[in-house]
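Asks: Pasting in a structure now, in structure tokens, and then I'll have a few things to ask.
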Amino acid sequence: NLVDHNIGNNYNTSTYKFTCPISGVYHFSVNLYIYHSAQTEARIYINDSAKYRFASVKLGADRNPHGAGGSVTVQLNANDTVSVYGYANSDSSIYDGGSGMIASFFSGFLVG
């Protein structure tokens, strides 16, 4: 729920979605640092539909920590929404960070 930069207030901290203010090419990155999981996934959704999937290597047992992440550059239209979802075991948790270091994040920007 922490936001470092939200120029234009296009990221909604209640819905956890970014709404494109204009049509153009955007770049998004996600990294999820997850505790207690044998496999993790990070997915980027466009307009509430899964479009990009980043999966970790499946391990033989739950590992602490584990994670998944990646980046995409995509053409989007004004008012398209972008969000991120994490998938792991039901007892897993996403670690946001500590000691001044960010461990899980979602970022994006307009390329042009």
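Note on naming: chains are A, B, ... as they come in the structure tokens, residues start from 1 per chain, ligands start from 1 in the order shown.
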Would you pick out the contacts of Ser23 of chain A at 7 Å or less, using only C-alpha atoms, so that residues sharing its chain but fewer than 4 positions from it are not included, and give the list as a PyMOL selection string?
Replies: chain A and resi 76-78
Asks: I'd like the contact shell of Lys17 of chain A - 6 Å cut-off, only C-alpha atoms, skipping same-chain residues fewer than 4 positions apart - returned as a ChimeraX atom specification.
Replies: /A:11-12,82-83
Asks: I'd like to know which residues of chain A are strand (DSSP E or B) (by DSSP, run on the backbone); could you write them as a VMD selection string?
Replies: chain A and resid 11 to 12 17 to 19 24 to 35 37 41 to 46 49 to 55 63 66 to 76 81 to 87 93 to 94 97 to 98 101 to 102 105 to 110
Asks: When distances are computed from only C-alpha atoms, which of A:Gly70, A:Pro65, A:Gly108, A:Gly24 shows the smallest separation from Ala88 of chain A?
Replies: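 Between A:Gly70, A:Pro65, A:Gly108, A:Gly24, the residue approaching Ala88 of chain A most closely is A:Pro65.
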Asks: With only C-alpha atoms as the counted atoms, please give the residues lying no more than 6 Å from Cys20 of chain A, apart from itself and same-chain residues fewer than 2 positions off, as a list of chain:residue names.
Replies: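 Counting only the stated atoms, we get A:Ile22, A:Ala78, A:Asn79, A:Asp80.
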Asks: Excluding same-chain residues fewer than 2 positions from segment 43-45 of chain A, what lies within 10 Å of it counting only C-alpha atoms, as a ChimeraX atom specification?
Replies: /A:17,28-31,41,47-55,68-72,81-87,106
Asks: Find, counting only C-alpha atoms, the residue in A:Val25, A:Gly97, A:Ser56, A:Tyr35 that gets nearest to Gly112 of chain A.
Replies: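 That would be A:Val25, the residue with the smallest distance to Gly112 of chain A.
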Asks: In Å to one decimal, how far is atom CA of Thr19 of chain A from atom CA of Met101 of chain A?
Replies: 26.8 Å
Asks: Figure out the distance between atom CA of Gly98 of chain A and atom CA of Gly8 of chain A, please, to one decimal in Å.
Replies: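 Atom CA of Gly8 of chain A sits 27.6 Å away from atom CA of Gly98 of chain A.
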Asks: In Å, with one decimal, what is the gap from atom CA of Phe18 of chain A to atom CA of Leu32 of chain A?
Replies: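 Calculated distance between atom CA of Phe18 of chain A and atom CA of Leu32 of chain A is 17.5 Å.
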